[in-house]
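Colleague: Following this line is input.txt, made up of compact mmCIF, C-alpha atoms and all ligand atoms:
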```txt
# COMPACT_ATOMS: atom_id res chain seq x y z
CA MET A 863 41.28 141.83 -109.77
CA ALA A 864 39.99 140.28 -112.96
CA LEU A 865 38.87 136.74 -113.55
CA SER A 866 41.83 134.43 -114.00
CA ARG A 867 41.99 131.35 -116.17
CA GLY A 868 39.77 128.54 -114.96
CA GLU A 869 37.63 130.88 -112.93
CA VAL A 870 33.92 130.93 -113.59
CA ILE A 871 32.59 133.34 -110.98
CA LEU A 872 34.27 136.19 -109.22
CA VAL A 873 32.42 138.22 -106.62
CA GLU A 874 34.50 140.86 -104.97
CA ARG A 875 33.28 142.96 -102.09
CA LEU A 876 29.72 142.88 -103.34
CA VAL A 877 27.44 145.24 -101.43
CA LYS A 878 23.72 145.50 -102.03
CA ARG A 879 21.73 148.23 -100.32
CA TYR A 880 18.01 147.70 -100.65
CA ALA A 881 15.55 150.57 -100.96
CA ASP A 882 14.17 149.93 -97.47
CA GLY A 883 17.60 150.34 -95.89
CA GLY A 884 18.52 146.66 -95.67
CA GLU A 885 22.14 146.03 -96.56
CA VAL A 886 24.17 142.98 -97.51
CA GLY A 887 27.92 142.72 -97.91
CA PRO A 888 30.78 142.95 -98.43
CA ILE A 889 30.61 139.42 -99.86
CA SER A 890 33.43 137.86 -101.86
CA LEU A 891 33.67 134.51 -103.56
CA ARG A 892 35.63 132.76 -106.25
CA VAL A 893 34.37 129.75 -108.09
CA GLY A 894 36.66 127.77 -110.37
CA LYS A 895 35.70 125.60 -113.31
CA GLY A 896 34.55 122.20 -112.11
CA ASP A 897 34.04 123.31 -108.52
CA VAL A 898 31.00 122.27 -106.54
CA TYR A 899 30.74 125.41 -104.49
CA GLY A 900 28.64 125.35 -101.33
CA PHE A 901 27.48 128.74 -100.19
CA VAL A 902 26.43 128.64 -96.54
CA GLY A 903 25.16 131.05 -93.95
CA PRO A 904 22.12 131.65 -91.76
CA ASN A 905 18.81 133.14 -92.87
CA GLY A 906 19.10 136.65 -94.20
CA SER A 907 22.88 136.55 -94.54
CA GLY A 908 22.88 137.40 -98.24
CA LYS A 909 23.11 134.10 -100.13
CA THR A 910 20.13 134.67 -102.39
CA THR A 911 21.14 138.28 -102.95
CA THR A 912 24.59 137.15 -104.09
CA LEU A 913 23.24 134.43 -106.37
CA ARG A 914 20.80 136.90 -107.90
CA ALA A 915 23.67 139.28 -108.60
CA VAL A 916 25.53 136.41 -110.29
CA LEU A 917 22.48 135.85 -112.51
CA GLY A 918 22.21 139.52 -113.39
CA LEU A 919 18.85 139.77 -111.66
CA LEU A 920 19.97 142.63 -109.45
CA LYS A 921 22.44 145.44 -109.75
CA PRO A 922 25.06 145.59 -107.02
CA THR A 923 25.32 148.85 -105.12
CA SER A 924 29.08 148.42 -105.20
CA GLY A 925 31.69 145.75 -105.73
CA ARG A 926 32.39 143.56 -108.68
CA VAL A 927 30.67 140.53 -110.15
CA GLU A 928 32.03 138.61 -113.11
CA VAL A 929 30.68 135.43 -114.62
CA PHE A 930 32.66 133.85 -117.44
CA GLY A 931 34.50 137.14 -117.59
CA MET A 932 31.30 139.11 -118.17
CA ASP A 933 29.33 141.53 -116.08
CA PRO A 934 26.05 139.70 -115.57
CA TRP A 935 24.09 142.91 -115.08
CA ARG A 936 25.18 144.28 -118.45
CA GLU A 937 25.31 141.00 -120.32
CA ALA A 938 22.52 139.08 -118.63
CA LYS A 939 21.40 137.38 -121.82
CA ARG A 940 24.81 135.94 -122.69
CA VAL A 941 25.52 134.95 -119.11
CA ASN A 942 22.12 133.33 -118.72
CA SER A 943 22.57 131.31 -121.90
CA LEU A 944 25.53 129.59 -120.21
CA LEU A 945 23.87 128.72 -116.93
CA GLY A 946 20.94 126.87 -115.43
CA TYR A 947 19.16 128.25 -112.39
CA SER A 948 16.98 126.77 -109.71
CA PRO A 949 15.46 129.51 -107.55
CA GLU A 950 14.91 129.34 -103.82
CA LEU A 951 11.14 128.95 -104.09
CA PRO A 952 10.40 127.30 -107.41
CA ASN A 953 7.01 127.99 -108.85
CA PHE A 954 5.56 126.44 -111.98
CA PRO A 955 2.22 126.83 -113.75
CA ALA A 956 0.03 124.32 -111.93
CA PHE A 957 -1.67 122.96 -115.05
CA LEU A 958 1.53 121.96 -116.85
CA SER A 959 3.03 118.50 -116.52
CA ALA A 960 6.65 118.01 -115.50
CA ARG A 961 7.45 116.99 -119.07
CA GLN A 962 5.84 120.15 -120.42
CA VAL A 963 7.81 122.35 -118.02
CA LEU A 964 11.05 120.76 -119.19
CA GLU A 965 10.00 121.01 -122.85
CA VAL A 966 9.30 124.72 -122.51
CA THR A 967 12.70 125.22 -120.87
CA GLY A 968 14.39 123.18 -123.59
CA LYS A 969 12.74 125.26 -126.31
CA LEU A 970 13.88 128.45 -124.61
CA ARG A 971 17.38 126.99 -124.72
CA GLY A 972 17.06 126.42 -128.44
CA LEU A 973 16.43 122.67 -128.48
CA ARG A 974 13.99 121.21 -131.03
CA GLY A 975 12.63 117.90 -132.28
CA GLU A 976 14.48 114.74 -131.33
CA ASP A 977 17.20 116.64 -129.44
CA LEU A 978 14.57 118.22 -127.22
CA LYS A 979 12.82 114.91 -126.59
CA ARG A 980 16.07 113.17 -125.71
CA GLU A 981 17.14 115.95 -123.39
CA VAL A 982 13.81 115.98 -121.56
CA GLU A 983 13.99 112.20 -121.07
CA ARG A 984 17.58 112.45 -119.85
CA VAL A 985 16.64 115.02 -117.23
CA LEU A 986 13.47 113.22 -116.13
CA ASP A 987 15.64 110.20 -115.55
CA LEU A 988 18.39 112.11 -113.71
CA THR A 989 15.93 113.75 -111.34
CA GLY A 990 13.91 110.61 -110.67
CA LEU A 991 10.72 112.07 -112.14
CA VAL A 992 10.16 109.54 -114.93
CA ASN A 993 7.12 108.05 -113.26
CA HIS A 994 5.56 111.46 -112.65
CA ALA A 995 6.41 113.04 -115.98
CA ASP A 996 2.83 113.46 -117.14
CA ARG A 997 1.24 114.51 -113.89
CA ARG A 998 0.25 118.11 -113.32
CA VAL A 999 2.82 120.06 -111.36
CA GLY A 1000 0.02 121.58 -109.26
CA ASN A 1001 -0.38 118.17 -107.64
CA PHE A 1002 3.33 117.68 -106.95
CA SER A 1003 4.77 117.36 -103.47
CA LYS A 1004 7.36 119.90 -102.31
CA GLY A 1005 10.28 117.56 -102.96
CA MET A 1006 9.00 116.75 -106.45
CA VAL A 1007 8.73 120.46 -107.29
CA GLN A 1008 12.30 120.86 -106.07
CA ARG A 1009 13.52 118.03 -108.27
CA LEU A 1010 11.72 119.53 -111.24
CA SER A 1011 13.36 122.86 -110.54
CA ILE A 1012 16.79 121.23 -110.54
CA GLY A 1013 15.79 119.40 -113.70
CA GLN A 1014 14.91 122.68 -115.32
CA ALA A 1015 18.36 124.00 -114.46
CA LEU A 1016 19.96 120.88 -115.97
CA ILE A 1017 18.21 121.15 -119.34
CA GLY A 1018 20.64 121.80 -122.17
CA ASP A 1019 23.61 120.73 -120.02
CA PRO A 1020 24.76 124.28 -119.18
CA GLU A 1021 28.34 125.10 -118.18
CA LEU A 1022 27.22 126.45 -114.81
CA LEU A 1023 24.43 125.46 -112.43
CA VAL A 1024 23.25 127.98 -109.86
CA LEU A 1025 21.00 126.32 -107.29
CA ASP A 1026 19.48 128.22 -104.40
CA GLU A 1027 18.70 125.70 -101.63
CA PRO A 1028 18.41 122.67 -103.92
CA MET A 1029 17.93 120.17 -101.08
CA LEU A 1030 15.06 122.00 -99.42
CA GLY A 1031 12.18 119.60 -98.80
CA VAL A 1032 13.82 116.70 -100.63
CA ASP A 1033 13.74 113.31 -98.86
CA PRO A 1034 16.96 111.43 -98.01
CA VAL A 1035 16.81 109.17 -101.06
CA GLY A 1036 16.21 112.17 -103.28
CA ARG A 1037 19.15 113.96 -101.70
CA VAL A 1038 21.50 111.12 -102.47
CA GLN A 1039 20.19 111.14 -106.02
CA ILE A 1040 20.65 114.91 -106.39
CA ARG A 1041 24.10 114.73 -104.86
CA GLU A 1042 25.08 112.10 -107.39
CA VAL A 1043 23.69 114.14 -110.26
CA LEU A 1044 25.61 117.22 -109.17
CA ARG A 1045 28.84 115.26 -108.71
CA GLU A 1046 28.42 113.80 -112.16
CA VAL A 1047 27.82 117.26 -113.60
CA SER A 1048 31.06 118.49 -112.05
CA ARG A 1049 32.98 115.43 -113.25
CA THR A 1050 32.24 116.52 -116.80
CA GLY A 1051 33.97 119.83 -116.10
CA LYS A 1052 30.81 121.81 -115.43
CA THR A 1053 30.54 124.08 -112.41
CA VAL A 1054 27.94 123.98 -109.66
CA VAL A 1055 27.16 126.68 -107.11
CA PHE A 1056 24.55 125.95 -104.49
CA SER A 1057 23.39 127.56 -101.29
CA SER A 1058 22.32 125.57 -98.28
CA HIS A 1059 21.73 125.69 -94.56
CA GLU A 1060 22.42 122.04 -94.26
CA LEU A 1061 26.06 121.90 -93.44
CA TYR A 1062 26.12 118.13 -93.35
CA GLU A 1063 24.88 118.14 -96.94
CA VAL A 1064 27.42 120.78 -97.95
CA GLU A 1065 30.26 118.87 -96.33
CA ARG A 1066 29.44 115.79 -98.37
CA LEU A 1067 29.00 117.51 -101.68
CA ALA A 1068 31.03 120.70 -101.91
CA THR A 1069 34.64 120.90 -103.06
CA ARG A 1070 34.76 124.55 -102.04
CA VAL A 1071 32.84 126.42 -99.39
CA GLY A 1072 32.04 130.06 -98.80
CA MET A 1073 30.48 131.14 -95.52
CA VAL A 1074 28.55 134.31 -94.98
CA TYR A 1075 27.48 135.58 -91.61
CA LEU A 1076 25.73 138.83 -90.78
CA GLY A 1077 25.94 139.77 -94.46
CA LYS A 1078 29.70 139.28 -94.77
CA THR A 1079 32.01 136.59 -96.04
CA VAL A 1080 33.69 135.08 -92.98
CA MET A 1081 35.40 132.10 -94.55
CA GLU A 1082 36.18 130.73 -97.97
CA GLY A 1083 38.29 127.87 -99.24
CA GLY A 1084 38.58 124.26 -100.32
CA ILE A 1085 36.57 121.90 -98.11
CA ASP A 1086 39.66 119.94 -97.03
CA GLU A 1087 41.60 123.11 -96.35
CA ILE A 1088 38.74 124.37 -94.17
CA LEU A 1089 38.14 121.13 -92.28
CA ASN A 1090 41.81 120.26 -91.80
CA GLY A 1091 42.99 123.77 -91.13
CA ALA A 1092 40.33 124.81 -88.68
CA GLY A 1093 40.52 124.01 -85.03
CA GLY A 1094 43.77 122.06 -85.32
CA LEU A 1095 44.07 118.34 -84.91
CA ARG A 1096 41.65 116.33 -82.83
CA VAL A 1097 42.70 112.94 -81.54
CA ARG A 1098 40.23 110.47 -80.10
CA VAL A 1099 41.65 107.84 -77.76
CA VAL A 1100 39.86 104.84 -76.28
CA THR A 1101 41.48 103.04 -73.36
CA ARG A 1102 40.76 99.71 -71.63
CA VAL A 1103 40.21 101.35 -68.26
CA ALA A 1104 39.35 104.96 -67.57
CA PRO A 1105 42.56 107.05 -67.52
CA GLY A 1106 43.50 108.54 -64.16
CA ASP A 1107 44.12 112.21 -63.45
CA GLY A 1108 47.87 111.67 -63.69
CA VAL A 1109 47.92 110.54 -67.29
CA VAL A 1110 45.35 113.14 -68.33
CA GLU A 1111 47.58 115.80 -66.80
CA ALA A 1112 50.65 114.32 -68.57
CA ILE A 1113 48.83 114.52 -71.92
CA ARG A 1114 47.75 118.06 -71.18
CA ARG A 1115 51.41 119.00 -70.75
CA ILE A 1116 52.43 117.70 -74.21
CA GLU A 1117 53.62 120.55 -76.36
CA GLY A 1118 50.91 121.65 -78.79
CA VAL A 1119 48.02 120.20 -76.77
CA ARG A 1120 45.34 122.78 -76.09
CA ASP A 1121 42.70 120.82 -74.27
CA VAL A 1122 41.81 117.32 -73.14
CA ARG A 1123 38.29 116.10 -72.48
CA VAL A 1124 37.61 112.83 -70.72
CA GLU A 1125 34.44 110.80 -70.83
CA GLY A 1126 34.70 107.40 -69.16
CA ASN A 1127 37.40 105.50 -71.01
CA SER A 1128 37.45 107.80 -73.99
CA LEU A 1129 39.63 110.89 -74.33
CA THR A 1130 39.52 113.68 -76.85
CA VAL A 1131 42.70 115.68 -77.27
CA PHE A 1132 42.63 119.02 -79.06
CA SER A 1133 45.94 120.27 -80.37
CA ASP A 1134 47.13 123.03 -82.65
CA ASN A 1135 48.70 122.24 -85.98
CA SER A 1136 52.27 123.00 -84.91
CA THR A 1137 53.22 119.49 -83.81
CA ASP A 1138 51.93 116.00 -84.38
CA VAL A 1139 51.04 114.93 -80.86
CA ARG A 1140 49.93 111.39 -81.61
CA ASP A 1141 53.14 109.58 -80.72
CA ALA A 1142 53.39 111.44 -77.45
CA ILE A 1143 49.77 110.68 -76.52
CA ALA A 1144 50.20 106.98 -77.29
CA GLU A 1145 53.38 106.87 -75.20
CA ARG A 1146 51.71 108.45 -72.15
CA ILE A 1147 48.74 106.10 -72.37
CA VAL A 1148 50.89 102.98 -72.73
CA LEU A 1149 53.16 104.04 -69.84
CA SER A 1150 50.15 104.68 -67.59
CA GLY A 1151 49.00 101.10 -68.05
CA CYS A 1152 45.38 102.00 -68.80
CA GLY A 1153 45.58 100.14 -72.11
CA LEU A 1154 45.45 101.71 -75.54
CA LEU A 1155 42.53 100.28 -77.52
CA GLU A 1156 42.11 102.91 -80.20
CA LEU A 1157 43.69 106.14 -81.35
CA ARG A 1158 42.37 108.01 -84.32
CA THR A 1159 42.48 111.47 -85.78
CA GLU A 1160 39.22 113.21 -86.38
CA ARG A 1161 38.48 116.37 -88.19
CA PRO A 1162 35.76 118.74 -87.11
CA SER A 1163 32.49 118.86 -88.99
CA LEU A 1164 31.66 121.87 -91.10
CA GLU A 1165 29.00 122.70 -88.56
CA GLU A 1166 31.58 122.86 -85.77
CA VAL A 1167 33.88 125.00 -87.90
CA PHE A 1168 31.02 127.30 -88.73
CA MET A 1169 29.87 127.66 -85.13
CA GLU A 1170 33.43 128.36 -84.03
CA ARG A 1171 33.71 131.00 -86.72
CA VAL A 1172 30.41 132.57 -85.72
CA ARG A 1173 31.60 132.77 -82.11
CA THR A 1174 34.85 134.45 -83.18
CA VAL A 1175 33.04 136.96 -85.39
CA GLY A 1176 30.58 137.59 -82.57
CA ARG A 1177 33.47 138.41 -80.23
CA GLY A 1178 35.30 140.54 -82.77
N1 LIG A 1201 13.99 142.48 -102.42
C1 LIG A 1201 14.46 142.83 -101.24
N2 LIG A 1201 14.12 144.03 -100.69
C2 LIG A 1201 14.60 144.41 -99.49
N3 LIG A 1201 15.46 143.67 -98.75
C3 LIG A 1201 15.83 142.48 -99.24
C4 LIG A 1201 15.36 141.99 -100.50
N4 LIG A 1201 15.92 140.79 -100.72
C5 LIG A 1201 16.68 140.53 -99.64
N5 LIG A 1201 16.65 141.55 -98.77
C6 LIG A 1201 17.38 141.64 -97.49
O1 LIG A 1201 18.74 141.28 -97.68
C7 LIG A 1201 19.21 140.47 -96.61
C8 LIG A 1201 19.75 139.18 -97.15
O2 LIG A 1201 18.68 138.44 -97.72
P1 LIG A 1201 18.92 137.15 -98.62
O3 LIG A 1201 17.61 136.72 -99.12
O4 LIG A 1201 19.99 137.45 -99.61
O5 LIG A 1201 19.50 136.13 -97.54
P2 LIG A 1201 19.70 134.54 -97.60
O6 LIG A 1201 21.07 134.30 -97.08
O7 LIG A 1201 19.36 134.02 -98.93
O8 LIG A 1201 18.65 134.05 -96.52
P3 LIG A 1201 17.80 132.66 -96.45
O9 LIG A 1201 18.71 131.65 -95.86
O10 LIG A 1201 16.68 133.00 -95.52
O11 LIG A 1201 17.34 132.33 -97.83
C9 LIG A 1201 18.03 140.32 -95.65
O12 LIG A 1201 18.18 141.26 -94.63
C10 LIG A 1201 16.82 140.64 -96.50
O13 LIG A 1201 15.80 141.22 -95.74
MG MG A 1202 18.03 132.69 -99.60
```
Once more with this new file: its structure as structure tokens, please.
Ligand SMILES: Nc1ncnc2c1ncn2[C@@H]1O[C@H](COP(=O)(O)OP(=O)(O)OP(=O)(O)O)[C@@H](O)[C@H]1O
Ligand SMILES: [Mg+2]
Modeller:
Amino acid sequence: MALSRGEVILVERLVKRYADGGEVGPISLRVGKGDVYGFVGPNGSGKTTTLRAVLGLLKPTSGRVEVFGMDPWREAKRVNSLLGYSPELPNFPAFLSARQVLEVTGKLRGLRGEDLKREVERVLDLTGLVNHADRRVGNFSKGMVQRLSIGQALIGDPELLVLDEPMLGVDPVGRVQIREVLREVSRTGKTVVFSSHELYEVERLATRVGMVYLGKTVMEGGIDEILNGAGGLRVRVVTRVAPGDGVVEAIRRIEGVRDVRVEGNSLTVFSDNSTDVRDAIAERIVLSGCGLLELRTERPSLEEVFMERVRTVGRG
């Protein structure tokens, strides 16, 4: 299947067999224009391999990779001119300052004179490095190196950002800052793909998520689709007095309810998506006389969805 309109990256059944026998794949993902795509999966599951294939840094053993409709392996130069990349373990010449690193990158992207200066200032500001701009990178902390690496990817305002573990080692304030920068980038119609282990981070930033496990894609979709669709509905109920066995049993018998967990005067009801069970739960609670204080719908966290998925794959 070829890239359709609005699609920036297409990876279809990518398999990479390394010389030492290690194998990754089949991995598939689709990234649309303006997406903030979070690529998640445990260590060694193939995230970096996939991103490197997208950059044209490695040749897939089989499968298809298209970026802006091009084969990145064959047209690496053209593809790379449209994207910014922050590698997993950024490494800069220790004697250069942050400003110099960004200037070199800007020059490589064809910027000169005032345009270059303005762009470097813009990125220093975006990444929160203004006050460290003239310090040697060799003396930078891990989080500062990471910010510089993201900055380097941002130089020249490319159409696509590919960031391998951008939050690694960055403090909470820095994370908020980076999240805002990436959201802003996507608001202007640019596309962001990032890998991460930190599902909480992914959940807050990504509009689309791809999950790899044991080298294979196990889930892909819009973040809302994944979080709403997975695991059904979850209703949290708080009562004035702890509910008795009778009412718990009555709730358990409601059509669509899969499980009920009780903890003191709070109940969690798990149901499938076939019926909205909220009215029925409220009715049972009110009738039992234990007093309805609160009833709200919760959706599972990405971490819960992922763990559930991992368990299913493990069983299959
Ligand atoms: N250059 C290489 N030579 C041989 N095997 C490799 C190479 N690069 C990656 N692999 C193997 O491919 C598999 C996937 O590795 P990859 O780095 O893509 O995973 P990852 O999802 O990025 O992991 P992490 O979360 O640790 O960064 C691993 O089994 C790894 O050993
Ligand atoms: Mg990796």
Colleague: Please return as JSON, numbers by chain the residues found within 12 Å of ligand LIG 1201 (chain A), counting only C-alpha atoms and all ligand atoms.
Modeller: {"A": [876, 877, 878, 879, 880, 881, 882, 883, 884, 885, 886, 887, 888, 889, 901, 902, 903, 904, 905, 906, 907, 908, 909, 910, 911, 912, 913, 914, 915, 919, 920, 921, 949, 950, 951, 1025, 1026, 1027, 1028, 1030, 1056, 1057, 1058, 1059, 1060, 1072, 1073, 1074, 1075, 1076, 1077, 1078, 1079]}
Colleague: Counting only C-alpha atoms, find residues at most 10 Å from (42.8, 106.4, -67.2) (file frame) and give them as a VMD selection string.
Modeller: chain A and resid 1100 to 1110 1124 1126 to 1129 1147 1150 to 1154
Colleague: How would you write as an mmCIF file with C-alpha atoms, keeping the file's coordinate frame the residues that get within 12 Å of (18.4, 109.7, -102.7) in the file's frame, counting only C-alpha atoms?
Modeller:
```
data_model
loop_
_atom_site.group_PDB
_atom_site.id
_atom_site.type_symbol
_atom_site.label_atom_id
_atom_site.label_comp_id
_atom_site.auth_asym_id
_atom_site.auth_seq_id
_atom_site.Cartn_x
_atom_site.Cartn_y
_atom_site.Cartn_z
ATOM 1 C CA LEU A 988 18.390 112.110 -113.710
ATOM 2 C CA THR A 989 15.930 113.750 -111.340
ATOM 3 C CA GLY A 990 13.910 110.610 -110.670
ATOM 4 C CA GLY A 1005 10.280 117.560 -102.960
ATOM 5 C CA ARG A 1009 13.520 118.030 -108.270
ATOM 6 C CA MET A 1029 17.930 120.170 -101.080
ATOM 7 C CA VAL A 1032 13.820 116.700 -100.630
ATOM 8 C CA ASP A 1033 13.740 113.310 -98.860
ATOM 9 C CA PRO A 1034 16.960 111.430 -98.010
ATOM 10 C CA VAL A 1035 16.810 109.170 -101.060
ATOM 11 C CA GLY A 1036 16.210 112.170 -103.280
ATOM 12 C CA ARG A 1037 19.150 113.960 -101.700
ATOM 13 C CA VAL A 1038 21.500 111.120 -102.470
ATOM 14 C CA GLN A 1039 20.190 111.140 -106.020
ATOM 15 C CA ILE A 1040 20.650 114.910 -106.390
ATOM 16 C CA ARG A 1041 24.100 114.730 -104.860
ATOM 17 C CA GLU A 1042 25.080 112.100 -107.390
ATOM 18 C CA VAL A 1043 23.690 114.140 -110.260
#
```
Colleague: In Å, how far is it from CA of Glu983 (chain A) to CA of Ser959 (chain A)?
Modeller: 13.4 Å
Colleague: When distances are computed from all atoms listed in the file, which of A:Glu1063, A:Glu1046, A:Glu1021, A:Asp987 shows the smallest separation from Val929 (chain A)?
Modeller: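 Ranked by minimum distance to Val929 (chain A), first place goes to A:Glu1021.
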Colleague: Return the single residue from A:Asn1090, A:Arg940, A:Ser948, A:Pro1162 that is closest to ligand MG 1202 (chain A), with distances computed using all atoms listed in the file.
Modeller: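 Ranked by minimum distance to ligand MG 1202 (chain A), first place goes to A:Ser948.
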Colleague: Please provide the set of residues having any atom within 12 Å of Arg961 (chain A), restricted to only C-alpha atoms, with same-chain residues fewer than 4 positions apart removed, written as number ranges by chain.
Modeller: A: 954, 957, 965-968, 978-987, 989, 991-999, 1010-1011, 1013-1014, 1017
Colleague: Hey, what's within 6 Å of Val1131 (chain A) if we count all atoms listed in the file and toss same-chain stuff fewer than 4 positions away? As a ChimeraX atom specification, please?
Modeller: /A:1096-1097,1121-1122
